[in-house]
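Below is one structure; the comments refer to it alone.
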Amino acid sequence: MSKFWSPAVRELTPYVPGEQPRERLIKLNTNENPYPPAPGVEAALRDFPADHLRRYPDPQSNALREALAEELGVTAEQVFVGNGSDEVLALAFQAFFRQARPLEMPSISYSFYPVYCRLYGIERRTHPLDAQWRVDLDAFGQDVGGVIFANPNAPTGHGHGREAIAGLLERVTDSVVLVDEAYVDFGGESAVPLVERFPNLLVTGTFSKSRSLAGLRLGYAVGSRELVEGLERIKDSFNSYPVDSLASALGIASLADREHFEASREAVITTRERTRDRLETLGFQVLPSQTNFVLVSHPDFDAAQLFVGLRERGVLVRHFNTEVLRDHLRISIGTDDEMDSLIEALESLCR
Ligand SMILES: *Cc1c(COP(=O)(O)O)cnc(C)c1O
């Protein structure tokens, strides 16, 4: 607390990101990709002329938006880019969810959403997941100022298909439905093709997970022109240049290498399924996952203690100390070698 803070700052509960440890640990706690970015990214980094940094970047990031539009099968006017999808989400909350009616979200989803609600003074209404821990789409849509959820959801891993999302959009027509697709490339079905049909659909995505570029900070949103324009109005009232010219060049290089992208996401999916089998052999319950992590619990061992034991053995995973999640661990999918170390450590802890 400081007397110099604006009154609203005292009321905030900031998001706490997963730890970025200094020591050498097997890092399975923030859903980073264990494989390097496309080789073309390294080449673009090497070739980037430092003299270009003299100039401000293109405030509209047109080249990057065009490359993304081509990848996603939309037009550049339907694409917005920002400094990580967290920033794009923050702008979207401001642009669309500061309404008289509450914003609806699942009770378990990305834990940044409630943080933005508090920051912007947005009232939220949460709905429990269904019995299989899937987002209950039918619960949404009663007198709402907006709807947001991650699909596939985090930290649970389940994703709904495009038809189910379309069903929700048939019902919720007078406020924005934001589908956060941070993990869609690991087995989900994207709602992007629905933006033509539903002007209130905003889909967000990131280069952090499937493109191995978490350190670069690049995220995007896809939606109708009126939604993109809403985001642009907030952006240009806050920071005209959220995407620097180097990030833009490297993002474009990443999009150019489809082969690398496919190989890396398939490797993660294969390792995920192999890891699931091995965890189940150790007695863990593993939720089905269309992401690059698994959410697990063990009937006989306490998750918080497993977290500590794993850390002592050099493996860092994520434990959320909340009522509903404290019996679970979220484990990001690393390389096969890293997952071997995880399983070895769990074998010594679960006996
Ligand atoms: C990782 C993640 C993000 C943030 O991605 P950045 O682009 O790195 O900011 C957004 N939403 C969900 C659900 C995530 O897991």
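Each chain in the structure tokens gets a letter, A, B and so on, in the order shown; residues start at 1 in every chain, and ligands are counted from 1 in the order they appear.
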Fill in: Spatial neighbours of Asn83 in chain A, max dist 10 Å, only C-alpha atoms, sep filter under 4 positions, as an NGL selection string
:A and (87-88 or 206 or 216-220 or 241-244 or 247)
Since we have the selection now, will you write its residues out, keeping N, CA and C atoms, as a PDB file, in the first residue's frame?
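Okay, out_5.pdb is ready:
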ATOM      1  N   GLU A  87      -2.770  -8.657 -23.912  1.00  0.00           N
ATOM      2  CA  GLU A  87      -3.071  -7.255 -24.195  1.00  0.00           C
ATOM      3  C   GLU A  87      -4.336  -7.129 -25.052  1.00  0.00           C
ATOM      4  N   VAL A  88      -4.447  -7.991 -26.050  1.00  0.00           N
ATOM      5  CA  VAL A  88      -5.635  -7.950 -26.905  1.00  0.00           C
ATOM      6  C   VAL A  88      -6.890  -8.183 -26.059  1.00  0.00           C
ATOM      7  N   THR A 206      -2.843 -16.558 -30.163  1.00  0.00           N
ATOM      8  CA  THR A 206      -1.521 -16.134 -29.709  1.00  0.00           C
ATOM      9  C   THR A 206      -0.405 -16.880 -30.444  1.00  0.00           C
ATOM     10  N   LEU A 216       8.238 -13.246 -27.470  1.00  0.00           N
ATOM     11  CA  LEU A 216       8.121 -12.165 -28.461  1.00  0.00           C
ATOM     12  C   LEU A 216       6.930 -11.248 -28.175  1.00  0.00           C
ATOM     13  N   ARG A 217       5.898 -11.808 -27.543  1.00  0.00           N
ATOM     14  CA  ARG A 217       4.661 -11.099 -27.199  1.00  0.00           C
ATOM     15  C   ARG A 217       3.881 -10.706 -28.455  1.00  0.00           C
ATOM     16  N   LEU A 218       3.214 -11.653 -29.042  1.00  0.00           N
ATOM     17  CA  LEU A 218       2.350 -11.376 -30.190  1.00  0.00           C
ATOM     18  C   LEU A 218       1.028 -12.115 -30.018  1.00  0.00           C
ATOM     19  N   GLY A 219      -0.050 -11.376 -30.098  1.00  0.00           N
ATOM     20  CA  GLY A 219      -1.371 -11.985 -30.044  1.00  0.00           C
ATOM     21  C   GLY A 219      -2.270 -11.297 -31.053  1.00  0.00           C
ATOM     22  N   TYR A 220      -3.461 -11.869 -31.291  1.00  0.00           N
ATOM     23  CA  TYR A 220      -4.329 -11.281 -32.296  1.00  0.00           C
ATOM     24  C   TYR A 220      -5.795 -11.560 -31.974  1.00  0.00           C
ATOM     25  N   TYR A 241       1.430   1.930 -30.767  1.00  0.00           N
ATOM     26  CA  TYR A 241       2.413   1.010 -31.360  1.00  0.00           C
ATOM     27  C   TYR A 241       2.645  -0.210 -30.484  1.00  0.00           C
ATOM     28  N   PRO A 242       1.636  -1.036 -30.272  1.00  0.00           N
ATOM     29  CA  PRO A 242       1.844  -2.166 -29.363  1.00  0.00           C
ATOM     30  C   PRO A 242       2.745  -3.258 -29.953  1.00  0.00           C
ATOM     31  N   VAL A 243       2.826  -3.309 -31.283  1.00  0.00           N
ATOM     32  CA  VAL A 243       3.644  -4.366 -31.909  1.00  0.00           C
ATOM     33  C   VAL A 243       4.869  -3.705 -32.544  1.00  0.00           C
ATOM     34  N   ASP A 244       6.060  -4.029 -32.025  1.00  0.00           N
ATOM     35  CA  ASP A 244       7.271  -3.402 -32.550  1.00  0.00           C
ATOM     36  C   ASP A 244       7.661  -4.034 -33.882  1.00  0.00           C
ATOM     37  N   ALA A 247       9.170  -7.630 -33.742  1.00  0.00           N
ATOM     38  CA  ALA A 247       8.155  -8.656 -33.470  1.00  0.00           C
ATOM     39  C   ALA A 247       7.325  -8.931 -34.718  1.00  0.00           C
TER      40      ALA A 247
END
Worksheet entry | Picked from range 190-234 of chain A by DSSP as alpha helix (DSSP H), as a PyMOL selection string | chain A and resi 225-234
How would the residues just picked look written out with C-alpha atoms as a compact mmCIF listing (two decimals), in the first residue's frame?
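result_6.txt, written as the output of this step:
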# COMPACT_ATOMS: atom_id res chain seq x y z
CA ARG A 225 -14.92 -4.92 -39.03
CA GLU A 226 -17.00 -3.17 -36.33
CA LEU A 227 -15.38 -5.22 -33.55
CA VAL A 228 -11.86 -4.67 -34.93
CA GLU A 229 -12.63 -0.97 -35.14
CA GLY A 230 -13.71 -0.99 -31.49
CA LEU A 231 -10.36 -2.52 -30.55
CA GLU A 232 -8.51 0.03 -32.68
CA ARG A 233 -10.28 2.89 -30.89
CA ILE A 234 -9.09 1.62 -27.49
Practice prompt. Collect all residues with atoms no farther than 9 Å from ligand 1, counting only C-alpha atoms and all ligand atoms, and output them as an MDAnalysis selection string.
Written response: chainID A and resid 30:32 82:89 109:113 149:155 180:183 204:209 213:220
Item to complete: Go through A:Arg101, A:Arg171, A:Arg125, A:His160 one by one, measure the shortest atom-to-atom distance of each to Ala191 in chain A using only C-alpha atoms, and give the residue with the smallest value.
Response: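 Among the listed residues, the smallest separation from Ala191 in chain A belongs to A:His160.
Here the question is which of A:Pro299, A:Phe284, A:Asn29, A:Leu246 gets nearest to Leu45 in chain A using only C-alpha atoms, and that residue is A:Leu246.
Every residue of range 34-97 of chain A found in strand (DSSP E) when DSSP is run on the backbone appears here: Val79, Phe80, Val81 and Gly82 of chain A.
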Export of the given selection (N, CA, C and O atoms) as a tab-separated table (two decimals), in the first residue's frame:
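Here's the written file part_2.tsv:
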chain	number	residue	atom	x	y	z
A	79	VAL	N	-8.67	-8.49	-38.87
A	79	VAL	CA	-7.63	-8.92	-37.94
A	79	VAL	C	-7.09	-7.73	-37.15
A	79	VAL	O	-6.87	-6.66	-37.70
A	80	PHE	N	-6.90	-7.97	-35.86
A	80	PHE	CA	-6.28	-6.98	-34.97
A	80	PHE	C	-5.09	-7.66	-34.30
A	80	PHE	O	-5.17	-8.84	-33.94
A	81	VAL	N	-3.96	-6.96	-34.16
A	81	VAL	CA	-2.80	-7.57	-33.49
A	81	VAL	C	-2.37	-6.73	-32.29
A	81	VAL	O	-2.59	-5.52	-32.25
A	82	GLY	N	-1.75	-7.40	-31.32
A	82	GLY	CA	-1.33	-6.70	-30.12
A	82	GLY	C	-0.13	-7.36	-29.47
A	82	GLY	O	0.35	-8.40	-29.93
Worksheet entry | Nearest-residue call for Pro37 in chain A, choices A:Leu169, A:Val222, A:Leu255, A:Ile343, using only C-alpha atoms |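 Comparing A:Leu169, A:Val222, A:Leu255, A:Ile343 against Pro37 in chain A, the winner is A:Leu255.
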